[in-house]
Amino acid sequence: MNDGRSMPYGPLARLAATLTLLALALSACGEPQRQGGAPPPPVVTVANPVQKPVVDQDEYVGRFTAVSMVEMRARVSGTLEAVHFKDGQVVKKGDLLFTIDRRPFQNTLDQARANLVLARSNLTYTTADLARADQLVREKTITDQVYEQRAQAKRNAQASVNAQEAAVRQAELDLGFTELRAPIDGRIGDRRVAPGNLVTGGTGGNTTLLATIVSIDPIRFEFTFDESSFLRYERMARTNGAAGDDIASRGASTPVKLKLIDEKDFTHEGRMDFVDNVIDRTTGTIRGRAQFANPGGLFTPGMFARVQVPGSPRYDALMVPDVAIGSEQVRKFVFVVDAKDTAQQKYVTLGPVIDGLRVIKSGLAAGDKVIVNGMAKVRAGAKVKPQEQGAAKPGASAAKTD
């Protein structure tokens with residue numbers, strides 16, 4: 001209950017409380033200034049770009065193809081008697097693969113040889129008969145007509161001998177064709193016909209396919225590249241004046257590298273050996289081919305791989321680690337530190353990655369100090385505390401990425 005005696009103290013109490021709150025507010029506002037100033041500049045690692053002569057590399061996807069592929073087909077018809085290989089094995093040139101029943105062809109050969117003996121015997125008789133006729137016609141014992149008949153008989157006998165000799169040679173060939181031997185070194189596929197089946201031979205299109213052999217070492221790699229790349233290669237070769245140093249040269253032996261789909265690096269080395277003479281009108285591409293050694297048989301015809309071919313003349317490039325590159329929408333940039341230890345943003349054009357470093361096509365100078373570690377703490381125009389690392393090294397700052 002308010003008795004009226006405490007009212008003189010009400011305004012004084014409120015005034016005191018207001019002054020106290022004001023003092024506390026002023027004290028709170030001044031606290032940061034009493035504790036310290038602005039935060040120190042961030043520590044960053046800087047390095048000069050690596051200067052190195054490089055060649056840009058273009059990559060294409062392609063397939064392996066065998067240098068040689070042979071379809072084993074019968075040259076003569078008969079019953080398949082035996083198969084002398086295991087499906088999928090490696091065979092050498094001259095290895096016996098199939099045998100066709102030889103007996104009918106041996107009989108034909110024996111008959112042809114007998115006919116040859118008969119023809120030679122007839123030739124011997126007609127030759128002697130003609131020799132006797134030579135004496136008799138000079139003595140006018142026989143007429144010229146009889147002499148001509150004997151000469152004709154001798155010529156016919158000689159022709160018969162020639163025909164029978166040809167028949168013997170053909171019979172010998174047919175007998176030899178009953179044994180099918182590997183024409184090349186390579187890997188044979190599976191047998192298409194089992195022993196006991198009749199196979200059709202000859203030179204027509206209905207002959208029986210027995211197996212397929214593909215060569216292993218060396219092996220070819222075929223790929224296609226577009227018309228604009230072909231023009232770039234052609235102009236590059238002509239500018240350098242060194243036809244043969246570029247993959248578009250018809251006599252090219254340009255070194256190329258290859259990696260399989262389960263490999264990270266291009267470790268297999270080969271050489272270009274062919275570029276086609278026409279551009280495909282449907283796809284606008286031209287076919288190229290390289291050759292690789294394949295002693296272990298790892299590369300298999302039909303297998304996919306990526307090939308790396310030289311895409312530019314040799315030039316001196318500036319290179320930095322990928323971790324030093326930032327993105328701003330579609331543009332790429334790096335931070336460099338100027339003489340006043342201020343971070344400056346430079347937009348750059350990127351090239352390929354070579355030996356773990358990214359090629360910078362434009363936007364960077366050799367003397368720039370590029371921030372390679374601590375980019376997350378840097379803002380354009382802000383002060384930094386740089387620490388020298390030396391020339392940029394591949395992966396040098398990757399483990400320290402912020």
# chains A, B, ... in the order shown; residues from 1 in each chain; ligands from 1
>>> select_by_dssp(residues="segment 132-246 of chain A", states="strand (DSSP E or B)", output="ChimeraX atom specification")
/A:179-181,186-188,198-199,209-214,219-226
>>> residues_around(residues="Gly62 of chain A", least_positions_apart="2", cutoff="6 Å", atoms="only C-alpha atoms", output="CSV table (one decimal) with C-alpha atoms, in the first residue's frame")
chain,number,residue,atom,x,y,z
A,222,GLU,CA,42.7,-47.3,-85.0
A,223,PHE,CA,40.9,-44.1,-84.1
A,304,PHE,CA,38.9,-50.0,-76.3
A,305,ALA,CA,41.7,-47.6,-75.2
>>> closest_residue(among="A:Leu318, A:Ala131, A:Ala380, A:Leu109", to="Leu364 of chain A", atoms="only C-alpha atoms")
A:Leu318
>>> closest_atom_pairs(of="segment 23-129 of chain A", to="segment 179-190 of chain A", cutoff="7 Å", atoms="only C-alpha atoms", output="CSV")
residue,atom,partner,partner_atom,distance
A:Asp87,CA,A:Asp190,CA,4.4
A:Gly88,CA,A:Gly189,CA,4.7
A:Gln89,CA,A:Arg187,CA,5.7
A:Val90,CA,A:Arg187,CA,4.3
A:Val91,CA,A:Gly186,CA,5.6
A:Lys92,CA,A:Asp185,CA,4.4
A:Lys93,CA,A:Ile184,CA,4.5
A:Gly94,CA,A:Ala182,CA,5.0
A:Asp95,CA,A:Arg181,CA,5.2
A:Leu96,CA,A:Arg181,CA,4.4
A:Leu97,CA,A:Arg181,CA,5.3
A:Phe98,CA,A:Leu180,CA,5.1
A:Thr99,CA,A:Glu179,CA,4.7
A:Ile100,CA,A:Glu179,CA,6.4
>>> write_last_selection(atoms="C-alpha atoms", output="PDB file, in the first residue's frame")
ATOM      1  CA  ASP A  87      40.638 -73.580 -78.831  1.00  0.00           C
ATOM      2  CA  GLY A  88      42.224 -70.181 -78.177  1.00  0.00           C
ATOM      3  CA  GLN A  89      45.844 -71.298 -78.162  1.00  0.00           C
ATOM      4  CA  VAL A  90      48.764 -69.402 -79.704  1.00  0.00           C
ATOM      5  CA  VAL A  91      49.967 -71.030 -82.913  1.00  0.00           C
ATOM      6  CA  LYS A  92      53.083 -70.596 -85.011  1.00  0.00           C
ATOM      7  CA  LYS A  93      53.272 -70.298 -88.768  1.00  0.00           C
ATOM      8  CA  GLY A  94      53.330 -73.804 -90.264  1.00  0.00           C
ATOM      9  CA  ASP A  95      51.650 -75.567 -87.333  1.00  0.00           C
ATOM     10  CA  LEU A  96      49.242 -78.330 -88.415  1.00  0.00           C
ATOM     11  CA  LEU A  97      45.682 -77.348 -87.478  1.00  0.00           C
ATOM     12  CA  PHE A  98      43.230 -79.582 -89.404  1.00  0.00           C
ATOM     13  CA  THR A  99      43.415 -82.808 -91.372  1.00  0.00           C
ATOM     14  CA  ILE A 100      40.884 -83.835 -94.020  1.00  0.00           C
TER      15      ILE A 100
END
>>> closest_residue(among="A:Pro41, A:Pro313, A:Asn206, A:Val50", to="Ala366 of chain A", atoms="only C-alpha atoms")
A:Val50
>>> closest_atom_pairs(of="segment 24-96 of chain A", to="segment 271-295 of chain A", cutoff="10 Å", atoms="only C-alpha atoms", output="CSV")
residue,atom,partner,partner_atom,distance
A:Gly62,CA,A:Arg289,CA,9.3
A:Arg63,CA,A:Arg289,CA,9.8
A:Phe64,CA,A:Gln291,CA,9.3
A:Thr65,CA,A:Arg289,CA,9.5
A:Ala66,CA,A:Gln291,CA,9.9
A:Val67,CA,A:Gln291,CA,8.8
>>> write_last_selection(atoms="C-alpha atoms", output="PDB file, in the first residue's frame")
ATOM      1  CA  GLY A  62      39.747 -46.074 -80.451  1.00  0.00           C
ATOM      2  CA  ARG A  63      39.989 -49.844 -80.779  1.00  0.00           C
ATOM      3  CA  PHE A  64      42.746 -52.344 -81.331  1.00  0.00           C
ATOM      4  CA  THR A  65      42.811 -54.247 -84.611  1.00  0.00           C
ATOM      5  CA  ALA A  66      45.001 -57.148 -85.651  1.00  0.00           C
ATOM      6  CA  VAL A  67      47.725 -56.544 -88.227  1.00  0.00           C
TER       7      VAL A  67
END
>>> select_by_dssp(residues="segment 17-244 of chain A", states="helix (DSSP H, G or I)", output="JSON, numbers by chain")
{"A": [17, 18, 19, 20, 21, 22, 23, 24, 25, 26, 27, 28, 29, 31, 32, 33, 34, 35, 103, 104, 105, 106, 107, 108, 109, 110, 111, 112, 113, 114, 115, 116, 117, 118, 119, 120, 121, 122, 123, 124, 125, 126, 127, 128, 129, 130, 131, 132, 133, 134, 135, 136, 137, 138, 144, 145, 146, 147, 148, 149, 150, 151, 152, 153, 154, 155, 156, 157, 158, 159, 160, 161, 162, 163, 164, 165, 166, 167, 168, 169, 170, 171, 172, 173, 174, 175, 176, 227, 228, 229, 230, 231, 232, 233, 234, 235, 236, 237, 238, 239, 240]}
>>> decode(residues="segment 45-65 of chain A", atoms="N, CA and C atoms", output="PDB file, in the first residue's frame")
ATOM      1  N   THR A  45      51.350 -19.698 -49.024  1.00  0.00           N
ATOM      2  CA  THR A  45      52.564 -20.188 -49.682  1.00  0.00           C
ATOM      3  C   THR A  45      52.529 -19.755 -51.137  1.00  0.00           C
ATOM      4  N   VAL A  46      53.622 -19.165 -51.593  1.00  0.00           N
ATOM      5  CA  VAL A  46      53.701 -18.677 -52.967  1.00  0.00           C
ATOM      6  C   VAL A  46      54.855 -19.363 -53.688  1.00  0.00           C
ATOM      7  N   ALA A  47      54.742 -19.456 -55.012  1.00  0.00           N
ATOM      8  CA  ALA A  47      55.786 -20.064 -55.835  1.00  0.00           C
ATOM      9  C   ALA A  47      55.694 -19.495 -57.232  1.00  0.00           C
ATOM     10  N   ASN A  48      56.838 -19.451 -57.902  1.00  0.00           N
ATOM     11  CA  ASN A  48      56.855 -19.025 -59.295  1.00  0.00           C
ATOM     12  C   ASN A  48      56.392 -20.166 -60.198  1.00  0.00           C
ATOM     13  N   PRO A  49      55.740 -19.844 -61.314  1.00  0.00           N
ATOM     14  CA  PRO A  49      55.339 -20.903 -62.253  1.00  0.00           C
ATOM     15  C   PRO A  49      56.563 -21.663 -62.772  1.00  0.00           C
ATOM     16  N   VAL A  50      56.369 -22.941 -63.027  1.00  0.00           N
ATOM     17  CA  VAL A  50      57.413 -23.756 -63.647  1.00  0.00           C
ATOM     18  C   VAL A  50      57.479 -23.425 -65.131  1.00  0.00           C
ATOM     19  N   GLN A  51      58.671 -23.185 -65.639  1.00  0.00           N
ATOM     20  CA  GLN A  51      58.868 -22.956 -67.065  1.00  0.00           C
ATOM     21  C   GLN A  51      59.485 -24.219 -67.664  1.00  0.00           C
ATOM     22  N   LYS A  52      58.809 -24.775 -68.673  1.00  0.00           N
ATOM     23  CA  LYS A  52      59.255 -26.052 -69.211  1.00  0.00           C
ATOM     24  C   LYS A  52      58.811 -26.181 -70.663  1.00  0.00           C
ATOM     25  N   PRO A  53      59.677 -26.686 -71.543  1.00  0.00           N
ATOM     26  CA  PRO A  53      59.236 -26.941 -72.922  1.00  0.00           C
ATOM     27  C   PRO A  53      58.292 -28.138 -72.958  1.00  0.00           C
ATOM     28  N   VAL A  54      57.130 -27.958 -73.532  1.00  0.00           N
ATOM     29  CA  VAL A  54      56.121 -29.019 -73.568  1.00  0.00           C
ATOM     30  C   VAL A  54      55.500 -29.086 -74.952  1.00  0.00           C
ATOM     31  N   VAL A  55      54.775 -30.168 -75.185  1.00  0.00           N
ATOM     32  CA  VAL A  55      53.968 -30.353 -76.388  1.00  0.00           C
ATOM     33  C   VAL A  55      52.554 -30.702 -75.939  1.00  0.00           C
ATOM     34  N   ASP A  56      51.571 -29.970 -76.417  1.00  0.00           N
ATOM     35  CA  ASP A  56      50.186 -30.303 -76.096  1.00  0.00           C
ATOM     36  C   ASP A  56      49.841 -31.676 -76.649  1.00  0.00           C
ATOM     37  N   GLN A  57      49.023 -32.399 -75.914  1.00  0.00           N
ATOM     38  CA  GLN A  57      48.632 -33.740 -76.320  1.00  0.00           C
ATOM     39  C   GLN A  57      47.118 -33.793 -76.535  1.00  0.00           C
ATOM     40  N   ASP A  58      46.710 -34.333 -77.677  1.00  0.00           N
ATOM     41  CA  ASP A  58      45.288 -34.574 -77.954  1.00  0.00           C
ATOM     42  C   ASP A  58      44.973 -36.028 -77.636  1.00  0.00           C
ATOM     43  N   GLU A  59      43.781 -36.269 -77.112  1.00  0.00           N
ATOM     44  CA  GLU A  59      43.381 -37.626 -76.741  1.00  0.00           C
ATOM     45  C   GLU A  59      42.195 -38.072 -77.592  1.00  0.00           C
ATOM     46  N   TYR A  60      42.243 -39.334 -78.010  1.00  0.00           N
ATOM     47  CA  TYR A  60      41.167 -39.918 -78.801  1.00  0.00           C
ATOM     48  C   TYR A  60      40.899 -41.337 -78.297  1.00  0.00           C
ATOM     49  N   VAL A  61      39.662 -41.761 -78.482  1.00  0.00           N
ATOM     50  CA  VAL A  61      39.262 -43.119 -78.127  1.00  0.00           C
ATOM     51  C   VAL A  61      39.248 -43.964 -79.398  1.00  0.00           C
ATOM     52  N   GLY A  62      39.736 -45.192 -79.293  1.00  0.00           N
ATOM     53  CA  GLY A  62      39.747 -46.074 -80.451  1.00  0.00           C
ATOM     54  C   GLY A  62      39.736 -47.532 -80.033  1.00  0.00           C
ATOM     55  N   ARG A  63      39.980 -48.398 -81.010  1.00  0.00           N
ATOM     56  CA  ARG A  63      39.989 -49.844 -80.779  1.00  0.00           C
ATOM     57  C   ARG A  63      41.244 -50.464 -81.369  1.00  0.00           C
ATOM     58  N   PHE A  64      41.650 -51.573 -80.775  1.00  0.00           N
ATOM     59  CA  PHE A  64      42.746 -52.344 -81.331  1.00  0.00           C
ATOM     60  C   PHE A  64      42.251 -53.206 -82.483  1.00  0.00           C
ATOM     61  N   THR A  65      43.090 -53.347 -83.495  1.00  0.00           N
ATOM     62  CA  THR A  65      42.811 -54.247 -84.611  1.00  0.00           C
ATOM     63  C   THR A  65      44.064 -55.065 -84.890  1.00  0.00           C
TER      64      THR A  65
END
